[in-house]
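The structure under discussion appears below in the form of structure tokens.
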Amino acid sequence: MKLPLFSAAFLALSLGLGTAVSSAQDTAASPAGGLKKLAIGQVKVGQAVLADATDSGRRTKMSRMTENLNAQLLAAFQASRRFQLMGRADASALAEEAGATGRSFDFGDADYLLVVTVDDFQDMMETKTFAALGTTVSSRTIRFAAISTIYDAKTNAVLETANIDVSRVAPEEQRGSTTGDTRDAVLRELTKELAAKTAQYVSDVVYPARVVSKMDKTVTVSRGEGSGIATGQLWEVFALGAEMKDPDTGASLGREELSVGKVRVTRVTAKTSQASILEDTGIDRGAVIRRVVTP
């Protein structure tokens, strides 16, 4: 998948992903700051994706999914209860112009800006014949992907960019309730899942999961039901070190993250989770915790 065009300065900033985000996280986690204000731009569709949808006769379907994704994003962020939302229909266009011209734009009181660009949409029919059974089975594979970019609304700097995708394999007989063609229910499920993953991703960047208490060999984590945490998952714990600065520009590179242990989730409740400590070289309250994802 191709990333949308941003200025060289924006791309350079995004390369400092982990450390740059640590600085944003420290600010966002301040209790005195209350809820952070997030401006969400209208979902964009990459030109190549749009052209492909047009050529294959899926332009209407693409438009429906994009409109639904706009609504689902608002619903997902509202459900997270972690942000004060600020609608900015022009946010995506202004962010793109800022990347192309180097100009800075004022996004009002917003702390962060989210721009979502759809960069892949596949809807493929596959037919398999089972000669021994004398039957043929058809299924449709649908894939929907987008690039989510988080900006610092005050500086217009890119904080982090991630590719997020979802997919479904739908039996041939599942059809849309009104069109009989596009399996509308499956498409709605995909956009809802993509929105939920995007909201979780942004929440993890701005408000990273942290250890809120430690007792013997058990820690309590600031993530509960609906946040993606589940029993059995392995998470790594990091202590925040000193602030780092770019030796050439003097710009802050965020705070160093030092691995101090690993834990495994044993219980998930409405607002928090408990995990058993597997390794501990300095786990303490306030440490950042990130899920270990194996290939």
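Lettering and numbering for the structure tokens are positional, with chains as A, B, ... in the shown order, residues counted from 1 in each chain, and ligands counted from 1 in the shown order.
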
When you look at Asp119 of chain A with a cut-off of 7 Å (counting only C-alpha atoms), what residues show up, excluding the ones that are within fewer than 4 positions of it in the same chain? I need them as a list in words.
Met1, Val45, Gly46, Val49, Ala145, Ala146 and Ile147 of chain A

Compile a residue-level contact table for segment 101-160 of chain A against segment 195-215 of chain A at a cut-off of 12 Å, reporting for every qualifying residue the shortest atom pair and its distance in Å to one decimal, with only C-alpha atoms counted, rows ordered by chain and ascending number, as a tab-separated table.
residue	atom	partner	partner_atom	distance
A:Asp111	CA	A:Val206	CA	10.2
A:Tyr112	CA	A:Val206	CA	8.9
A:Leu113	CA	A:Val202	CA	10.2
A:Leu114	CA	A:Val202	CA	8.3
A:Val115	CA	A:Thr198	CA	10.6
A:Val116	CA	A:Thr198	CA	8.8
A:Thr117	CA	A:Thr198	CA	11.6
A:Val118	CA	A:Ala195	CA	11.8
A:Phe144	CA	A:Ala195	CA	11.1
A:Ala145	CA	A:Ala195	CA	10.6
A:Ala146	CA	A:Thr198	CA	9.1
A:Ile147	CA	A:Thr198	CA	9.3
A:Ser148	CA	A:Thr198	CA	7.1
A:Thr149	CA	A:Val202	CA	9.0
A:Ile150	CA	A:Val202	CA	7.4
A:Tyr151	CA	A:Val202	CA	10.6
A:Asp152	CA	A:Val206	CA	10.6
A:Leu159	CA	A:Val205	CA	8.8
A:Glu160	CA	A:Val205	CA	8.0

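The residue set within 7 Å of segment 262-270 of chain A, counting only C-alpha atoms and dropping same-chain residues fewer than 5 places from it, reads A:Gly224, A:Glu225, A:Ala230, A:Thr231, A:Gly232, A:Gln233, A:Leu234, A:Trp235, A:Glu236, A:Val237, A:Ala275, A:Ser276, A:Ile277, A:Leu278, A:Glu279, A:Asp280.
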
When DSSP is applied to the backbone of this structure, which of segment 141-281 of chain A are assigned strand (DSSP E or B)? Write them out as number ranges by chain.
A: 141-152, 158-171, 210-215, 218-221, 234-245, 252-268, 273-280

Just C-alpha atoms for this one: save the residues we selected as a compact mmCIF listing (two decimals), in the first residue's frame.
# COMPACT_ATOMS: atom_id res chain seq x y z
CA THR A 141 -13.46 -11.92 -0.04
CA ILE A 142 -13.74 -8.25 0.89
CA ARG A 143 -10.78 -6.20 2.14
CA PHE A 144 -10.92 -2.59 3.30
CA ALA A 145 -7.80 -0.70 4.40
CA ALA A 146 -6.91 2.85 5.35
CA ILE A 147 -3.93 4.91 6.45
CA SER A 148 -4.53 6.78 9.69
CA THR A 149 -2.27 9.75 10.36
CA ILE A 150 -2.18 11.63 13.67
CA TYR A 151 -0.98 15.25 13.62
CA ASP A 152 -0.11 17.62 16.40
CA VAL A 158 3.04 14.14 11.98
CA LEU A 159 3.14 12.15 15.22
CA GLU A 160 2.41 8.70 13.86
CA THR A 161 1.05 6.90 10.82
CA ALA A 162 -0.39 3.39 10.68
CA ASN A 163 -1.90 1.10 8.07
CA ILE A 164 -5.10 -0.48 9.40
CA ASP A 165 -7.00 -3.12 7.46
CA VAL A 166 -9.95 -5.46 7.91
CA SER A 167 -11.29 -8.31 5.79
CA ARG A 168 -14.14 -10.80 5.55
CA VAL A 169 -14.89 -13.93 3.58
CA ALA A 170 -18.64 -13.88 2.89
CA PRO A 171 -20.60 -16.89 1.57
CA ARG A 210 -0.07 2.10 31.91
CA VAL A 211 0.48 0.17 35.10
CA VAL A 212 -1.84 1.75 37.67
CA SER A 213 -0.94 -0.52 40.60
CA LYS A 214 1.40 -3.37 41.52
CA MET A 215 0.89 -5.94 44.26
CA THR A 218 0.27 -8.90 39.84
CA VAL A 219 -0.19 -5.54 38.10
CA THR A 220 -3.36 -3.65 37.23
CA VAL A 221 -3.44 -2.06 33.78
CA LEU A 234 1.60 -11.04 26.50
CA TRP A 235 2.50 -7.39 27.19
CA GLU A 236 5.88 -5.71 27.64
CA VAL A 237 6.42 -3.03 30.29
CA PHE A 238 8.55 0.07 29.73
CA ALA A 239 9.90 2.69 32.13
CA LEU A 240 10.20 6.18 30.69
CA GLY A 241 13.76 7.48 30.71
CA ALA A 242 15.23 10.90 30.13
CA GLU A 243 14.11 13.21 27.34
CA MET A 244 16.20 12.87 24.17
CA LYS A 245 17.09 15.65 21.76
CA SER A 252 12.83 16.91 21.27
CA LEU A 253 12.80 13.23 20.30
CA GLY A 254 10.57 12.28 23.20
CA ARG A 255 11.57 10.17 26.18
CA GLU A 256 13.54 6.98 25.97
CA GLU A 257 11.58 3.81 26.75
CA LEU A 258 13.45 1.14 28.71
CA SER A 259 12.08 -2.41 28.86
CA VAL A 260 11.62 -3.46 32.48
CA GLY A 261 9.58 -6.65 32.21
CA LYS A 262 6.77 -8.71 30.71
CA VAL A 263 3.31 -9.60 31.99
CA ARG A 264 0.48 -11.88 30.88
CA VAL A 265 -3.15 -10.78 31.15
CA THR A 266 -5.23 -12.94 33.49
CA ARG A 267 -8.43 -10.95 34.03
CA VAL A 268 -10.30 -8.21 32.17
CA SER A 273 -7.25 -5.53 33.68
CA GLN A 274 -4.96 -7.63 35.83
CA ALA A 275 -1.81 -9.38 34.64
CA SER A 276 0.70 -11.77 36.18
CA ILE A 277 4.32 -10.62 36.16
CA LEU A 278 6.60 -12.94 34.18
CA GLU A 279 9.75 -10.80 34.19
CA ASP A 280 10.49 -7.82 36.43

Coordinates-based distance that separates atom CA of Ala110 of chain A from atom CA of Leu85 of chain A (Å, one decimal)
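Those two atoms sit 8.5 Å apart.
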
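Across the model, the gap from atom CA of Leu35 of chain A to atom CA of Ile283 of chain A is 26.8 Å.
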
I need the residues in segment 88-292 of chain A that are helix (DSSP H, G or I) according to DSSP; give them as JSON, numbers by chain.
{"A": [91, 92, 93, 94, 95, 96, 97, 98, 99, 100, 101, 184, 185, 186, 187, 188, 189, 190, 191, 192, 193, 194, 195, 196, 197, 198, 199, 200, 201, 202, 203, 204, 205, 206]}
